[in-house]
Amino acid sequence: MNRRRHVVLFFSFAFVWLVALVAVSLLFSRSLERANSVGAVSSGLLYGVVFVALQSLLEEVVFRGAYFYIKRRASFESRRFKILYIVISSLLFSVFHIFNSEVQNNTFVFVLLLDYFLIGALFSYVDIRLGSLAPSYGIHFINNIYTFFVVTSKNSSSPFKSVFHLTIAEDDVLFVLTSLVIEFALTIGLTEFIKRRTSKDKVC
């Protein structure tokens, strides 16, 4: 796969995820309260972008990159292997986030862990489907930029200031379900669109 396609995938999925985040924020706008001025937030933006770029890339390489390494070494192509990898990597991804303060300070921890597991499964599915780490990296990057600097929970482990705080609990079932439905619908929709376009180009 050429470098240009990786770049296109990165920005395509980053944009779609941003649309999903804005949609969720608008739906739950009554649960947002102003936390900081844009000026106060922008003062740490450059450092934050670099931090998020490296942090997101590291997580993607660790949790999703192993699939491509194993596939290249052992030539695994079976559906069973793909499903098993998605489940295991998503479990590790969710367990890793137990240490986040927003998880530890919520009553229903399992709701947030399930949320992380499903998001991790979505990331792995998209990467495997399109044969690239770029989609999940784009999503992860824009998600963390948005949740660090635009909207975050009061219990967030983020070291950066955000413009708004989310007053609704992050383990609120309605909030989690709404977020997942929007994010999954847009992400899977884009994935299948790109996959079909790629398949048609190969046929032609």
# chains A, B, ... in the order shown; residues from 1 in each chain; ligands from 1

call {"tool": "closest_atom_pairs", "arguments": {"of": "region 145-174 of chain A", "to": "region 130-140 of chain A", "cutoff": "12 Å", "atoms": "only C-alpha atoms", "output": "JSON lines"}}
result
{"residue": "A:Ile145", "atom": "CA", "partner": "A:His140", "partner_atom": "CA", "distance": 8.6}
{"residue": "A:Tyr146", "atom": "CA", "partner": "A:His140", "partner_atom": "CA", "distance": 10.0}
{"residue": "A:Thr147", "atom": "CA", "partner": "A:His140", "partner_atom": "CA", "distance": 10.5}
{"residue": "A:Phe148", "atom": "CA", "partner": "A:His140", "partner_atom": "CA", "distance": 11.9}

call {"tool": "residues_around", "arguments": {"residues": "region 174-191 of chain A", "least_positions_apart": "3", "cutoff": "10 Å", "atoms": "only C-alpha atoms", "output": "PyMOL selection string"}}
result
chain A and resi 9+12-14+16-21+23-25+27-28+111-112+114-115+118-119+122-123+125-127+129-130+135-136+139+168-171+194-197

call {"tool": "write_last_selection", "arguments": {"atoms": "N, CA and C atoms", "output": "compact mmCIF listing (two decimals), in the first residue's frame"}}
result
# COMPACT_ATOMS: atom_id res chain seq x y z
N LEU A 9 -6.39 7.68 4.30
CA LEU A 9 -7.15 6.93 5.30
C LEU A 9 -7.10 7.63 6.65
N SER A 12 -9.31 10.80 6.44
CA SER A 12 -10.71 10.45 6.21
C SER A 12 -11.38 9.99 7.49
N PHE A 13 -10.71 9.09 8.20
CA PHE A 13 -11.31 8.57 9.44
C PHE A 13 -11.24 9.60 10.57
N ALA A 14 -10.21 10.43 10.59
CA ALA A 14 -10.13 11.49 11.58
C ALA A 14 -11.31 12.45 11.40
N VAL A 16 -14.29 11.86 9.89
CA VAL A 16 -15.56 11.19 10.20
C VAL A 16 -15.75 11.08 11.71
N TRP A 17 -14.68 10.76 12.43
CA TRP A 17 -14.78 10.64 13.89
C TRP A 17 -15.04 11.99 14.54
N LEU A 18 -14.44 13.04 13.97
CA LEU A 18 -14.70 14.39 14.47
C LEU A 18 -16.17 14.75 14.30
N VAL A 19 -16.74 14.39 13.17
CA VAL A 19 -18.17 14.61 12.94
C VAL A 19 -19.00 13.88 13.99
N ALA A 20 -18.60 12.65 14.31
CA ALA A 20 -19.31 11.86 15.33
C ALA A 20 -19.21 12.52 16.70
N LEU A 21 -18.04 12.99 17.06
CA LEU A 21 -17.84 13.64 18.36
C LEU A 21 -18.65 14.93 18.49
N ALA A 23 -21.38 15.62 16.83
CA ALA A 23 -22.79 15.22 16.86
C ALA A 23 -23.20 14.81 18.28
N VAL A 24 -22.36 14.03 18.94
CA VAL A 24 -22.65 13.60 20.31
C VAL A 24 -22.67 14.80 21.25
N SER A 25 -21.72 15.71 21.07
CA SER A 25 -21.65 16.91 21.92
C SER A 25 -22.89 17.77 21.76
N LEU A 27 -25.89 16.70 20.79
CA LEU A 27 -27.02 15.97 21.37
C LEU A 27 -27.07 16.10 22.89
N PHE A 28 -25.89 16.19 23.50
CA PHE A 28 -25.81 16.29 24.97
C PHE A 28 -25.31 17.68 25.39
N VAL A 111 -19.29 -0.50 32.59
CA VAL A 111 -19.88 0.19 31.45
C VAL A 111 -18.78 0.87 30.63
N LEU A 112 -17.86 1.54 31.31
CA LEU A 112 -16.75 2.20 30.61
C LEU A 112 -15.79 1.18 30.01
N LEU A 114 -16.57 -1.80 28.96
CA LEU A 114 -17.25 -2.34 27.78
C LEU A 114 -17.15 -1.35 26.63
N ASP A 115 -17.27 -0.09 26.95
CA ASP A 115 -17.15 0.97 25.94
C ASP A 115 -15.76 0.92 25.30
N LEU A 118 -15.43 -2.23 23.05
CA LEU A 118 -16.12 -2.11 21.76
C LEU A 118 -15.39 -1.14 20.83
N ILE A 119 -14.88 -0.05 21.38
CA ILE A 119 -14.11 0.90 20.58
C ILE A 119 -12.84 0.22 20.06
N LEU A 122 -13.73 -2.04 17.27
CA LEU A 122 -13.99 -1.26 16.06
C LEU A 122 -12.68 -0.86 15.39
N PHE A 123 -11.73 -0.38 16.18
CA PHE A 123 -10.43 0.02 15.65
C PHE A 123 -9.77 -1.16 14.92
N TYR A 125 -11.13 -3.94 13.76
CA TYR A 125 -11.91 -4.36 12.60
C TYR A 125 -11.59 -3.49 11.38
N VAL A 126 -11.59 -2.19 11.59
CA VAL A 126 -11.34 -1.25 10.48
C VAL A 126 -9.93 -1.44 9.93
N ASP A 127 -8.94 -1.57 10.81
CA ASP A 127 -7.56 -1.75 10.37
C ASP A 127 -7.39 -3.04 9.57
N ARG A 129 -9.76 -4.75 8.06
CA ARG A 129 -10.57 -4.67 6.84
C ARG A 129 -9.86 -3.89 5.73
N LEU A 130 -9.16 -2.83 6.10
CA LEU A 130 -8.52 -1.97 5.12
C LEU A 130 -7.01 -2.20 5.01
N PRO A 135 -6.31 4.15 9.67
CA PRO A 135 -7.66 4.51 10.11
C PRO A 135 -7.79 4.65 11.63
N SER A 136 -7.33 3.66 12.38
CA SER A 136 -7.45 3.72 13.84
C SER A 136 -6.57 4.81 14.43
N ILE A 139 -8.44 8.06 13.92
CA ILE A 139 -9.54 8.14 14.89
C ILE A 139 -9.02 8.44 16.28
N ILE A 168 -22.49 15.20 32.62
CA ILE A 168 -23.12 13.89 32.70
C ILE A 168 -22.04 12.84 32.96
N ALA A 169 -22.36 11.81 33.74
CA ALA A 169 -21.38 10.77 34.04
C ALA A 169 -21.01 10.02 32.77
N GLU A 170 -19.72 9.74 32.58
CA GLU A 170 -19.27 9.05 31.37
C GLU A 170 -19.77 7.61 31.30
N ASP A 171 -20.21 7.06 32.43
CA ASP A 171 -20.74 5.71 32.40
C ASP A 171 -22.26 5.70 32.27
N ILE A 194 -15.05 2.61 1.40
CA ILE A 194 -13.68 2.56 0.90
C ILE A 194 -13.34 1.17 0.38
N LYS A 195 -13.79 0.14 1.10
CA LYS A 195 -13.51 -1.24 0.69
C LYS A 195 -14.14 -1.53 -0.67
N ARG A 196 -15.36 -1.11 -0.87
CA ARG A 196 -16.03 -1.34 -2.16
C ARG A 196 -15.33 -0.57 -3.28
N ARG A 197 -14.96 0.67 -3.00
CA ARG A 197 -14.27 1.48 -4.01
C ARG A 197 -12.94 0.83 -4.40

call {"tool": "select_by_dssp", "arguments": {"residues": "chain A", "states": "alpha helix (DSSP H)", "output": "PyMOL selection string"}}
result
chain A and resi 3-27+38-42+45-63+65-74+79-96+101-104+109-130+134-149+173-203

call {"tool": "atom_distance", "arguments": {"atom1": "CA of Pro159 (chain A)", "atom2": "CA of Phe141 (chain A)"}}
result
15.7 Å

call {"tool": "atom_distance", "arguments": {"atom1": "CA of Val50 (chain A)", "atom2": "CA of His165 (chain A)"}}
result
22.5 Å

call {"tool": "closest_residue", "arguments": {"among": "A:Phe81, A:Phe93, A:Phe160, A:Tyr67", "to": "Tyr116 (chain A)", "atoms": "only C-alpha atoms"}}
result
A:Phe93
